[in-house]
$ cat model.csv   # CSV, C-alpha atoms
chain,number,residue,atom,x,y,z
A,1155,MET,CA,242.4,105.1,168.7
A,1156,GLU,CA,245.2,107.2,167.2
A,1157,LYS,CA,244.7,107.8,163.5
A,1158,LEU,CA,247.3,105.8,161.5
A,1159,GLY,CA,246.2,106.1,157.9
A,1160,VAL,CA,247.3,103.6,155.2
A,1161,GLY,CA,250.5,101.6,155.6
A,1162,ILE,CA,252.5,98.6,154.5
A,1163,GLY,CA,254.4,95.9,156.3
A,1164,TRP,CA,258.1,96.8,156.3
A,1165,ARG,CA,260.3,93.8,155.3
A,1166,PRO,CA,264.1,93.9,154.7
A,1167,GLU,CA,263.5,92.7,151.1
A,1168,ILE,CA,261.4,95.8,150.3
A,1169,ASP,CA,263.0,98.4,152.6
A,1170,LEU,CA,263.8,100.8,149.7
A,1171,THR,CA,260.4,100.3,148.2
A,1172,VAL,CA,258.7,101.1,151.5
A,1173,GLU,CA,260.9,104.2,151.9
A,1174,ARG,CA,260.0,105.6,148.5
A,1175,LEU,CA,256.4,104.5,148.0
A,1176,PRO,CA,254.1,107.5,148.1
A,1177,GLY,CA,251.4,107.7,150.7
A,1178,VAL,CA,252.8,105.3,153.3
A,1179,ASP,CA,251.5,106.8,156.6
A,1180,PHE,CA,252.7,104.0,158.9
A,1181,VAL,CA,254.5,100.6,158.8
A,1182,GLU,CA,254.6,97.4,160.8
A,1183,VAL,CA,257.6,95.2,161.5
A,1184,VAL,CA,257.7,91.6,162.6
A,1185,ALA,CA,259.0,91.8,166.1
A,1186,GLU,CA,260.9,88.5,166.2
A,1187,ASN,CA,263.1,89.6,163.2
A,1188,LEU,CA,264.5,92.6,164.9
A,1189,HIS,CA,267.1,93.2,167.6
A,1190,VAL,CA,266.6,96.3,169.7
A,1191,GLY,CA,270.3,97.3,169.7
A,1192,HIS,CA,270.6,96.9,165.9
A,1193,LEU,CA,267.6,98.4,164.2
A,1194,PRO,CA,267.8,98.6,160.4
A,1195,GLU,CA,268.8,102.0,159.1
A,1196,SER,CA,265.7,102.0,156.9
A,1197,LEU,CA,263.4,101.9,160.0
A,1198,LEU,CA,265.4,104.6,161.7
A,1199,LEU,CA,265.0,106.8,158.6
A,1200,LEU,CA,261.2,106.2,158.7
A,1201,ARG,CA,261.1,107.1,162.3
A,1202,GLU,CA,263.1,110.3,161.6
A,1203,ARG,CA,260.4,111.2,159.1
A,1204,GLY,CA,257.8,110.7,161.8
A,1205,VAL,CA,256.3,107.5,160.3
A,1206,PRO,CA,254.9,105.3,163.1
A,1207,VAL,CA,256.5,101.8,163.2
A,1208,LEU,CA,254.4,99.2,164.9
A,1209,PRO,CA,255.9,96.0,166.2
A,1210,HIS,CA,253.8,92.9,165.3
A,1211,ALA,CA,254.7,89.7,167.1
A,1212,VAL,CA,254.0,86.2,165.8
A,1213,SER,CA,255.4,84.0,168.6
A,1214,LEU,CA,253.8,84.9,172.0
A,1215,SER,CA,251.4,81.9,171.6
A,1216,LEU,CA,248.9,83.8,173.8
A,1217,GLY,CA,246.2,81.1,173.2
A,1218,GLY,CA,248.6,78.3,174.1
A,1219,ALA,CA,248.0,76.3,177.3
A,1220,GLU,CA,251.4,77.4,178.7
A,1221,PRO,CA,251.8,80.6,180.5
A,1222,VAL,CA,253.3,83.4,178.3
A,1223,ASP,CA,257.1,83.5,177.9
A,1224,ALA,CA,258.2,86.6,179.7
A,1225,GLN,CA,261.3,87.0,177.6
A,1226,ARG,CA,259.2,87.2,174.4
A,1227,VAL,CA,256.9,89.8,175.9
A,1228,ALA,CA,260.0,91.8,177.2
A,1229,HIS,CA,261.5,91.8,173.7
A,1230,LEU,CA,258.2,93.1,172.2
A,1231,GLY,CA,258.0,95.8,174.9
A,1232,ALA,CA,261.6,96.9,174.4
A,1233,LEU,CA,261.1,97.1,170.7
A,1234,ALA,CA,258.0,99.3,171.2
A,1235,GLU,CA,260.1,101.6,173.4
A,1236,ALA,CA,263.0,101.7,171.0
A,1237,LEU,CA,260.6,102.6,168.1
A,1238,ASP,CA,258.4,104.9,170.2
A,1239,ALA,CA,255.4,102.8,169.0
A,1240,PRO,CA,251.9,103.7,170.1
A,1241,LEU,CA,250.9,100.0,170.3
A,1242,VAL,CA,252.0,96.4,169.7
A,1243,SER,CA,250.2,93.4,168.5
A,1244,ASP,CA,250.1,89.6,168.2
A,1245,HIS,CA,247.4,87.0,167.3
A,1246,VAL,CA,244.5,85.1,168.8
A,1247,CYS,CA,246.2,81.8,168.3
A,1248,PHE,CA,248.6,79.2,169.6
A,1249,VAL,CA,252.0,78.3,168.1
A,1250,ARG,CA,253.4,75.7,170.4
A,1251,ALA,CA,252.0,72.7,172.3
A,1252,GLY,CA,253.3,69.4,173.7
A,1253,GLY,CA,256.9,70.3,172.9
A,1254,LEU,CA,256.2,70.8,169.2
A,1255,ASP,CA,256.4,74.1,167.3
A,1256,SER,CA,253.9,74.4,164.5
A,1257,GLY,CA,255.8,77.3,162.9
A,1258,HIS,CA,252.5,78.9,162.2
A,1259,LEU,CA,249.5,80.7,163.8
A,1260,MET,CA,247.1,77.9,164.7
A,1261,PRO,CA,243.4,78.6,165.5
A,1262,LEU,CA,242.1,78.1,169.0
A,1263,PRO,CA,239.1,76.0,170.0
A,1264,ARG,CA,236.3,78.5,170.6
A,1265,THR,CA,235.5,77.2,174.0
A,1266,ARG,CA,235.2,78.7,177.5
A,1267,ASP,CA,238.3,76.8,178.5
A,1268,ALA,CA,240.4,78.3,175.7
A,1269,LEU,CA,239.0,81.8,176.3
A,1270,ASP,CA,239.8,81.6,180.1
A,1271,VAL,CA,243.4,80.6,179.3
A,1272,LEU,CA,243.8,83.3,176.6
A,1273,VAL,CA,242.4,86.0,178.8
A,1274,ALA,CA,244.9,85.0,181.6
A,1275,ASN,CA,247.8,85.0,179.2
A,1276,VAL,CA,246.8,88.3,177.6
A,1277,LYS,CA,246.5,90.0,181.0
A,1278,ALA,CA,249.9,88.7,182.0
A,1279,ALA,CA,251.4,90.1,178.7
A,1280,GLN,CA,249.7,93.4,179.2
A,1281,GLN,CA,251.2,93.8,182.7
A,1282,ASP,CA,254.7,93.7,181.2
A,1283,LEU,CA,254.0,95.8,178.1
A,1284,PRO,CA,254.7,99.6,178.1
A,1285,VAL,CA,252.0,100.2,175.4
A,1286,PRO,CA,248.5,98.9,174.5
A,1287,LEU,CA,248.2,95.4,172.9
A,1288,ALA,CA,246.0,94.7,169.9
A,1289,LEU,CA,245.1,91.1,168.9
A,1290,GLU,CA,244.5,89.8,165.5
A,1291,ASN,CA,242.0,87.2,164.1
A,1292,VAL,CA,243.9,84.5,162.2
A,1293,ALA,CA,243.1,82.6,159.0
A,1294,ALA,CA,242.3,78.9,159.6
A,1295,LEU,CA,242.3,75.9,157.3
A,1296,LEU,CA,240.5,73.7,159.8
A,1297,ASP,CA,238.0,74.3,162.6
A,1298,TRP,CA,238.0,72.7,166.1
A,1299,PRO,CA,234.9,70.6,167.0
A,1300,ASP,CA,232.5,71.6,169.7
A,1301,GLY,CA,232.9,75.4,169.5
A,1302,GLU,CA,230.7,77.2,172.1
A,1303,LEU,CA,231.1,80.7,170.6
A,1304,THR,CA,231.3,82.2,167.2
A,1305,GLU,CA,234.6,83.9,166.3
A,1306,GLY,CA,233.0,87.3,166.8
A,1307,GLN,CA,231.6,86.4,170.2
A,1308,PHE,CA,235.0,84.9,171.2
A,1309,LEU,CA,236.8,88.2,170.2
A,1310,ALA,CA,234.2,90.4,171.8
A,1311,GLU,CA,234.5,88.6,175.1
A,1312,LEU,CA,238.3,88.7,174.9
A,1313,VAL,CA,238.1,92.5,174.5
A,1314,ASP,CA,235.6,92.8,177.3
A,1315,ARG,CA,237.7,90.8,179.8
A,1316,THR,CA,241.2,92.2,178.9
A,1317,ASP,CA,240.5,95.6,177.4
A,1318,CYS,CA,242.8,94.8,174.5
A,1319,HIS,CA,242.4,96.4,171.1
A,1320,LEU,CA,241.5,94.5,167.9
A,1321,LEU,CA,243.6,94.2,164.8
A,1322,VAL,CA,241.1,92.9,162.2
A,1323,ASP,CA,242.6,91.1,159.3
A,1324,VAL,CA,240.0,91.2,156.5
A,1325,ALA,CA,241.9,88.6,154.4
A,1326,ASN,CA,241.8,86.2,157.3
A,1327,LEU,CA,238.2,86.9,157.8
A,1328,TYR,CA,237.6,86.3,154.1
A,1329,ALA,CA,239.6,83.0,154.4
A,1330,ASN,CA,237.5,81.8,157.3
A,1331,ALA,CA,234.3,82.7,155.5
A,1332,ARG,CA,235.5,80.7,152.4
A,1333,ASN,CA,237.0,77.8,154.3
A,1334,LEU,CA,235.0,77.5,157.4
A,1335,GLY,CA,231.7,79.3,156.6
A,1336,THR,CA,232.2,82.2,159.0
A,1337,ASP,CA,229.5,84.8,158.5
A,1338,VAL,CA,231.3,88.0,157.7
A,1339,ALA,CA,228.4,90.4,158.5
A,1340,ARG,CA,227.7,88.6,161.8
A,1341,PHE,CA,231.5,88.7,162.7
A,1342,LEU,CA,231.5,92.5,162.1
A,1343,ASP,CA,228.3,92.9,164.1
A,1344,GLU,CA,229.6,91.0,167.0
A,1345,ILE,CA,233.1,92.5,167.5
A,1346,PRO,CA,233.4,95.9,169.4
A,1347,LEU,CA,234.5,98.1,166.4
A,1348,GLU,CA,235.2,100.9,168.8
A,1349,ARG,CA,238.2,98.9,170.0
A,1350,LEU,CA,239.6,98.6,166.4
A,1351,ALA,CA,243.3,99.6,166.3
A,1352,TYR,CA,243.8,99.0,162.6
A,1353,VAL,CA,243.1,96.5,159.8
A,1354,HIS,CA,245.3,94.1,157.8
A,1355,VAL,CA,244.8,93.5,154.1
A,1356,ALA,CA,246.7,90.7,152.3
A,1357,GLY,CA,246.7,88.6,149.2
A,1358,GLY,CA,246.2,84.9,148.8
A,1359,GLU,CA,245.4,82.1,146.4
A,1360,GLU,CA,242.8,79.4,146.0
A,1361,HIS,CA,244.0,75.9,145.7
A,1362,GLN,CA,241.6,73.0,145.2
A,1363,GLY,CA,238.7,74.9,146.6
A,1364,VAL,CA,240.5,76.1,149.7
A,1365,TYR,CA,241.7,79.7,150.1
A,1366,HIS,CA,245.3,80.1,151.4
A,1367,ASP,CA,246.3,83.3,153.0
A,1368,THR,CA,249.8,83.4,151.4
A,1369,HIS,CA,250.8,87.1,151.6
A,1370,ALA,CA,252.6,86.2,148.4
A,1371,HIS,CA,249.8,86.9,145.8
A,1372,ALA,CA,247.8,89.9,144.8
A,1373,VAL,CA,245.0,91.2,147.0
A,1374,ARG,CA,241.7,89.7,145.7
A,1375,PRO,CA,238.7,91.9,145.1
A,1376,GLU,CA,236.7,89.7,147.5
A,1377,VAL,CA,239.0,90.8,150.3
A,1378,LEU,CA,238.5,94.4,149.4
A,1379,ASP,CA,234.8,93.7,149.5
A,1380,VAL,CA,235.2,92.6,153.1
A,1381,LEU,CA,237.2,95.8,153.8
A,1382,ALA,CA,234.2,97.8,152.3
A,1383,GLN,CA,231.8,95.9,154.6
A,1384,LEU,CA,233.9,96.9,157.5
A,1385,ARG,CA,234.2,100.5,156.2
A,1386,SER,CA,230.4,100.7,156.0
A,1387,ARG,CA,230.3,100.2,159.8
A,1388,VAL,CA,233.4,102.1,161.0
A,1389,ASP,CA,236.1,104.4,159.7
A,1390,PRO,CA,239.2,102.3,160.7
A,1391,PRO,CA,242.1,104.2,162.3
A,1392,GLY,CA,244.5,102.5,160.0
A,1393,VAL,CA,244.7,99.9,157.2
A,1394,LEU,CA,247.9,98.1,156.4
A,1395,LEU,CA,248.9,95.9,153.4
A,1396,GLU,CA,251.0,92.8,154.2
A,1397,ARG,CA,253.2,91.3,151.6
A,1398,ASP,CA,255.8,88.7,152.7
A,1399,ASP,CA,257.0,86.9,149.6
A,1400,ASP,CA,257.2,87.0,145.8
A,1401,TYR,CA,257.5,90.8,145.9
A,1402,PRO,CA,256.0,92.5,142.9
A,1403,ALA,CA,257.2,95.7,141.2
A,1404,ASP,CA,256.8,98.9,143.3
A,1405,ALA,CA,254.0,100.1,141.0
A,1406,GLU,CA,251.9,97.0,141.8
A,1407,LEU,CA,252.2,97.6,145.6
A,1408,ALA,CA,251.4,101.3,145.0
A,1409,GLY,CA,248.3,100.1,143.1
A,1410,GLU,CA,247.2,97.9,146.0
A,1411,LEU,CA,247.6,100.8,148.4
A,1412,ALA,CA,245.6,103.0,146.1
A,1413,ALA,CA,242.9,100.3,145.9
A,1414,ILE,CA,242.7,100.3,149.7
A,1415,ARG,CA,242.4,104.1,149.8
A,1416,ALA,CA,239.7,103.9,147.2
A,1417,VAL,CA,237.6,101.6,149.4
A,1418,LEU,CA,238.2,103.8,152.4
A,1419,GLY,CA,236.8,106.8,150.5
B,1144,MET,CA,243.0,79.9,188.7
B,1145,THR,CA,243.1,78.6,185.2
B,1146,GLN,CA,245.0,75.3,185.9
B,1147,PRO,CA,242.2,72.8,185.0
B,1148,GLN,CA,241.4,74.8,181.8
B,1149,ARG,CA,245.1,74.9,181.0
B,1150,GLU,CA,245.5,71.1,181.4
B,1151,ARG,CA,242.5,70.3,179.2
B,1152,LEU,CA,243.6,72.8,176.5
B,1153,ALA,CA,247.2,71.5,176.6
B,1154,ALA,CA,246.1,68.0,175.9
B,1155,ALA,CA,243.8,69.0,173.1
B,1156,GLN,CA,246.4,71.3,171.4
B,1157,ALA,CA,249.2,68.7,171.8
B,1158,GLU,CA,247.0,66.1,170.2
B,1159,LEU,CA,246.3,68.3,167.2
B,1160,LEU,CA,249.9,69.3,166.7
B,1161,ARG,CA,251.0,65.6,166.9
B,1162,ALA,CA,248.4,64.8,164.2
B,1163,LEU,CA,249.6,67.7,162.0
B,1164,LEU,CA,253.4,67.5,162.5
B,1165,ALA,CA,254.2,64.0,163.7
B,1166,ASP,CA,251.8,61.6,161.9
B,1167,GLY,CA,249.7,61.3,165.0
B,1168,GLU,CA,246.0,60.1,164.9
B,1169,VAL,CA,243.5,62.7,163.8
B,1170,PRO,CA,241.8,63.9,167.0
B,1171,LYS,CA,238.1,63.1,167.5
B,1172,GLY,CA,235.7,65.5,165.9
B,1173,PHE,CA,238.1,67.0,163.3
B,1174,ASP,CA,237.5,66.8,159.6
B,1175,ARG,CA,240.1,64.4,158.3
B,1176,GLU,CA,240.4,66.2,154.9
B,1177,ARG,CA,240.9,69.5,156.6
B,1178,VAL,CA,243.6,68.0,158.8
B,1179,ARG,CA,245.3,66.7,155.7
B,1180,ILE,CA,245.2,70.1,154.0
B,1181,GLU,CA,246.6,71.8,157.1
B,1182,LYS,CA,249.3,69.2,157.5
B,1183,ARG,CA,250.4,69.8,153.9
B,1184,ALA,CA,250.3,73.6,154.3
B,1185,LEU,CA,252.5,73.5,157.4
B,1186,LEU,CA,254.9,71.1,155.7
B,1187,ASN,CA,255.1,73.4,152.6
B,1188,LYS,CA,255.8,76.4,154.9
B,1189,ARG,CA,258.5,74.6,156.8
B,1190,ARG,CA,260.1,73.3,153.6
B,1191,GLY,CA,259.9,76.8,152.0
B,1192,ILE,CA,261.7,78.4,154.9
B,1193,VAL,CA,264.5,75.8,154.8
B,1194,ALA,CA,264.9,76.3,151.1
B,1195,MET,CA,265.1,80.0,151.6
B,1196,LEU,CA,267.7,79.7,154.4
B,1197,ARG,CA,269.8,77.0,152.6
B,1198,PRO,CA,269.3,77.6,148.9
B,1199,GLU,CA,272.5,75.7,148.1
B,1200,VAL,CA,271.1,72.6,149.8
B,1201,ALA,CA,267.9,72.8,147.9
B,1202,ALA,CA,269.8,73.4,144.7
B,1203,GLU,CA,272.1,70.5,145.1
B,1204,LEU,CA,269.2,68.1,145.9
B,1205,GLY,CA,267.1,69.4,143.0
B,1206,GLU,CA,264.1,67.3,142.5
B,1207,ARG,CA,265.0,65.1,145.5
B,1208,PHE,CA,264.7,68.1,147.8
B,1209,ARG,CA,261.0,67.9,148.3
B,1210,PRO,CA,260.5,64.2,148.9
B,1211,LEU,CA,263.7,64.0,151.1
B,1212,PHE,CA,262.6,67.0,153.2
B,1213,ASP,CA,259.2,65.6,153.6
B,1214,ASP,CA,260.7,62.3,154.9
B,1215,TYR,CA,262.9,64.2,157.3
B,1216,ALA,CA,260.1,66.5,158.5
B,1217,ARG,CA,257.8,63.6,159.4
B,1218,ALA,CA,260.5,61.9,161.4
B,1219,HIS,CA,261.7,65.1,163.0
B,1220,PRO,CA,258.8,67.4,163.9
B,1221,LYS,CA,260.1,70.8,164.8
B,1222,GLU,CA,260.5,71.0,168.5
B,1223,VAL,CA,260.0,74.0,170.8
B,1224,GLY,CA,263.2,75.9,171.0
B,1225,THR,CA,264.5,74.8,167.6
B,1226,ARG,CA,265.2,77.8,165.3
B,1227,PHE,CA,264.6,77.5,161.6
B,1228,ARG,CA,268.3,77.8,161.0
B,1229,GLU,CA,269.0,74.8,163.2
B,1230,ASP,CA,266.1,72.9,161.5
B,1231,ALA,CA,267.8,73.7,158.1
B,1232,ALA,CA,271.2,72.6,159.4
B,1233,ARG,CA,269.8,69.4,160.8
B,1234,PHE,CA,268.1,68.6,157.5
B,1235,ALA,CA,271.4,69.1,155.6
B,1236,GLU,CA,273.3,66.8,158.1
B,1237,TRP,CA,270.5,64.2,157.8
B,1238,ALA,CA,270.7,64.3,154.0
B,1239,ALA,CA,274.5,64.2,154.1
B,1240,ALA,CA,274.4,61.2,156.4
B,1241,ARG,CA,272.2,59.4,154.0
B,1242,GLY,CA,274.6,60.1,151.2
B,1243,GLU,CA,272.2,62.4,149.4
B,1244,LEU,CA,274.3,65.5,149.9
B,1245,GLN,CA,278.0,66.1,149.7
B,1246,PRO,CA,279.2,66.4,153.3
B,1247,PRO,CA,279.8,70.0,154.2
B,1248,LYS,CA,283.4,71.2,153.7
B,1249,LYS,CA,285.3,72.2,156.8
B,1250,LYS,CA,284.8,75.9,157.2
B,1251,ARG,CA,288.0,78.0,156.8
B,1252,TRP,CA,287.9,81.4,158.1
B,1253,TRP,CA,289.8,82.8,155.1
B,1254,ARG,CA,287.5,81.2,152.6
B,1255,ARG,CA,284.1,82.7,151.8
B,1256,ALA,CA,281.2,80.2,152.0
B,1257,THR,CA,280.1,79.2,148.5
$ encode --input "model.csv" --output "structure tokens"
Amino acid sequence: MEKLGVGIGWRPEIDLTVERLPGVDFVEVVAENLHVGHLPESLLLLRERGVPVLPHAVSLSLGGAEPVDAQRVAHLGALAEALDAPLVSDHVCFVRAGGLDSGHLMPLPRTRDALDVLVANVKAAQQDLPVPLALENVAALLDWPDGELTEGQFLAELVDRTDCHLLVDVANLYANARNLGTDVARFLDEIPLERLAYVHVAGGEEHQGVYHDTHAHAVRPEVLDVLAQLRSRVDPPGVLLERDDDYPADAELAGELAAIRAVLG
Amino acid sequence: MTQPQRERLAAAQAELLRALLADGEVPKGFDRERVRIEKRALLNKRRGIVAMLRPEVAAELGERFRPLFDDYARAHPKEVGTRFREDAARFAEWAAARGELQPPKKKRWWRRAT
């Protein structure tokens, strides 16, 4: 995979911050919030500087029972071309079902049925995308009954059957370890790390014994520990900090980027 | 090729979303406490987005915003194709229809929204 370095999620609320933070090697944008014909000036400026801008989608619902929505895939592909992005991403999840929209990234049952449908949907999306697709593990508050595979096995088989890349979110992995008992070491052993595109790091909070992946709080040391465990196995091509709300002072974000760099060594 | 799998998955996913968004029964095998936590997290997220999109509505309702929104949300789960802006507008109309909110003033093109 192409070397990306250390980056941060670009959001309109922190556009100037992202532009002036030192050591931002790449950024990521939420695909659904952009229009190809009206890209924010801040992103065009970053592109002029040669900073890669990676579109990250949240609405393809690739793990949903419905076939993928070609329009959503086309938008993601057009954005990748407009930004000259090396790859795009979405999540291993479903968003919509039975006419209802959860407004969130919902975990999939880890069954053969769900994997077959996910694989078919991912292949359909890949056919219409101009660049490689990376898929991210999500944070779950609940687990489906009757799982036939571990999360790591599920992702490994997904990669094997679709040749997609992986976007490993270490905060989501930490959340699942805390909330569902996922074994972090086993997860990292089971996934094909050679297909790792980059890594997400984010903050969260604990509420009544449950860890919530909020992207609105500081990054916890335990999440950096998971990043260190990953780093002990592989040198990730990129690591990106996600912050989506309650934006802190620039210095605090710079500190979190520095803490990530320190773990990477 | 994947039609039987799709049908089984569709039924299971729809059942879970009904439980989480529309007060449906908790599907067999799920931890009820976790379903409750997820339900609350999804509701908090939806309410937060509506408050961000329509701060004037949340401000006018004050402490009533949260319980009113939660009543609205349970009765009106967000449907596929509904944008968050539409969700927020529908909540405002719903609250106005119940007399909880001043009905929106007719928009005049020469007057800035306040």
$ closest_residue --input "model.csv" --among "B:Ala1162, B:Val1178, B:Val1200, B:Ala1232" --to "Asp1297 in chain A" --atoms "all atoms listed in the file"
B:Val1178
$ closest_atom_pairs --input "model.csv" --of "chain B" --to "chain A" --cutoff "8 Å" --atoms "all atoms listed in the file" --output "tab-separated table"
residue	atom	partner	partner_atom	distance
B:Thr1145	CA	A:Val1271	CA	6.2
B:Gln1148	CA	A:Asp1267	CA	4.9
B:Arg1149	CA	A:Ala1219	CA	4.9
B:Glu1150	CA	A:Ala1219	CA	7.1
B:Arg1151	CA	A:Asp1267	CA	7.8
B:Leu1152	CA	A:Ala1219	CA	5.7
B:Ala1153	CA	A:Ala1219	CA	4.9
B:Ala1154	CA	A:Gly1252	CA	7.7
B:Gln1156	CA	A:Ala1251	CA	5.8
B:Ala1157	CA	A:Gly1252	CA	4.6
B:Glu1158	CA	A:Gly1252	CA	7.9
B:Leu1160	CA	A:Ser1256	CA	6.8
B:Arg1161	CA	A:Leu1254	CA	7.7
B:Leu1164	CA	A:Ser1256	CA	7.2
B:Gly1172	CA	A:Pro1299	CA	5.3
B:Phe1173	CA	A:Pro1299	CA	6.1
B:Asp1174	CA	A:Leu1296	CA	7.5
B:Arg1177	CA	A:Leu1296	CA	5.3
B:Val1178	CA	A:Leu1296	CA	6.6
B:Ile1180	CA	A:Leu1295	CA	7.3
B:Glu1181	CA	A:Leu1295	CA	5.9
B:Leu1185	CA	A:His1258	CA	7.2
B:Arg1189	CA	A:Gly1257	CA	7.2
B:Pro1220	CA	A:Leu1254	CA	6.8
B:Lys1221	CA	A:Asp1255	CA	5.6
B:Glu1222	CA	A:Leu1254	CA	4.4
B:Val1223	CA	A:Asp1255	CA	5.0
B:Gly1224	CA	A:Asp1255	CA	7.9
$ closest_residue --input "model.csv" --among "A:Pro1240, A:Gly1204, A:Gly1392, A:Gly1301" --to "Val1322 in chain A" --atoms "all atoms listed in the file"
A:Gly1392
$ residues_around --input "model.csv" --residues "range 1231-1235 of chain A" --least-positions-apart "5" --cutoff "9 Å" --atoms "only C-alpha atoms" --output "compact mmCIF listing (two decimals) with C-alpha atoms, in the frame of the given file"
# COMPACT_ATOMS: atom_id res chain seq x y z
CA ALA A 1185 259.00 91.80 166.10
CA LEU A 1188 264.50 92.60 164.90
CA HIS A 1189 267.10 93.20 167.60
CA VAL A 1190 266.60 96.30 169.70
CA VAL A 1207 256.50 101.80 163.20
CA LEU A 1208 254.40 99.20 164.90
CA PRO A 1209 255.90 96.00 166.20
CA ARG A 1226 259.20 87.20 174.40
CA PRO A 1240 251.90 103.70 170.10
CA LEU A 1241 250.90 100.00 170.30
CA VAL A 1242 252.00 96.40 169.70
CA ASP A 1282 254.70 93.70 181.20
CA LEU A 1283 254.00 95.80 178.10
CA PRO A 1284 254.70 99.60 178.10
CA VAL A 1285 252.00 100.20 175.40
$ closest_residue --input "model.csv" --among "A:Ala1288, A:Leu1200, A:Leu1193, A:Val1380" --to "Asp1337 in chain A" --atoms "all atoms listed in the file"
A:Val1380
$ residues_around --input "model.csv" --residues "Asp1343 in chain A" --least-positions-apart "3" --cutoff "12 Å" --atoms "only C-alpha atoms" --output "VMD selection string"
chain A and resid 1304 to 1307 1309 to 1310 1337 to 1340 1346 to 1348 1383 to 1384 1386 to 1388
$ atom_distance --input "model.csv" --atom1 "CA of Glu1186 in chain A" --atom2 "CA of Ser1213 in chain A"
7.5 Å
$ residues_around --input "model.csv" --residues "His1245 in chain A" --least-positions-apart "3" --cutoff "8 Å" --atoms "only C-alpha atoms" --output "list in words"
Ala1211, Val1212, Ser1215, Leu1216, Leu1259, Leu1289, Glu1290, Asn1291 and Val1292 of chain A
$ residues_around --input "model.csv" --residues "Arg1209 in chain B" --least-positions-apart "2" --cutoff "12 Å" --atoms "all atoms listed in the file" --output "JSON list (two decimals) with C-alpha atoms, in the frame of the given file"
[["chain", "number", "residue", "atom", "x", "y", "z"],
["B", 1186, "LEU", "CA", 254.90, 71.10, 155.70],
["B", 1187, "ASN", "CA", 255.10, 73.40, 152.60],
["B", 1188, "LYS", "CA", 255.80, 76.40, 154.90],
["B", 1189, "ARG", "CA", 258.50, 74.60, 156.80],
["B", 1190, "ARG", "CA", 260.10, 73.30, 153.60],
["B", 1191, "GLY", "CA", 259.90, 76.80, 152.00],
["B", 1193, "VAL", "CA", 264.50, 75.80, 154.80],
["B", 1194, "ALA", "CA", 264.90, 76.30, 151.10],
["B", 1200, "VAL", "CA", 271.10, 72.60, 149.80],
["B", 1201, "ALA", "CA", 267.90, 72.80, 147.90],
["B", 1202, "ALA", "CA", 269.80, 73.40, 144.70],
["B", 1203, "GLU", "CA", 272.10, 70.50, 145.10],
["B", 1204, "LEU", "CA", 269.20, 68.10, 145.90],
["B", 1205, "GLY", "CA", 267.10, 69.40, 143.00],
["B", 1206, "GLU", "CA", 264.10, 67.30, 142.50],
["B", 1207, "ARG", "CA", 265.00, 65.10, 145.50],
["B", 1211, "LEU", "CA", 263.70, 64.00, 151.10],
["B", 1212, "PHE", "CA", 262.60, 67.00, 153.20],
["B", 1213, "ASP", "CA", 259.20, 65.60, 153.60],
["B", 1214, "ASP", "CA", 260.70, 62.30, 154.90],
["B", 1215, "TYR", "CA", 262.90, 64.20, 157.30],
["B", 1216, "ALA", "CA", 260.10, 66.50, 158.50],
["B", 1234, "PHE", "CA", 268.10, 68.60, 157.50],
["B", 1238, "ALA", "CA", 270.70, 64.30, 154.00]]
$ atom_distance --input "model.csv" --atom1 "CA of Val1160 in chain A" --atom2 "CA of Val1178 in chain A"
6.1 Å
$ atom_distance --input "model.csv" --atom1 "CA of Leu1394 in chain A" --atom2 "CA of Val1181 in chain A"
7.5 Å
$ residues_near_point --input "model.csv" --point "(244.8, 99.2, 159.0)" --cutoff "9 Å" --atoms "only C-alpha atoms" --output "JSON, numbers by chain"
{"A": [1158, 1159, 1160, 1161, 1162, 1321, 1322, 1323, 1351, 1352, 1353, 1354, 1355, 1390, 1391, 1392, 1393, 1394, 1395]}
$ closest_residue --input "model.csv" --among "A:Ala1239, A:Ile1345, A:Ala1370, A:Leu1378" --to "Phe1180 in chain A" --atoms "all atoms listed in the file"
A:Ala1239
$ closest_residue --input "model.csv" --among "B:Ala1155, B:Leu1244, B:Ala1184, B:Ala1231" --to "Leu1196 in chain B" --atoms "all atoms listed in the file"
B:Ala1231
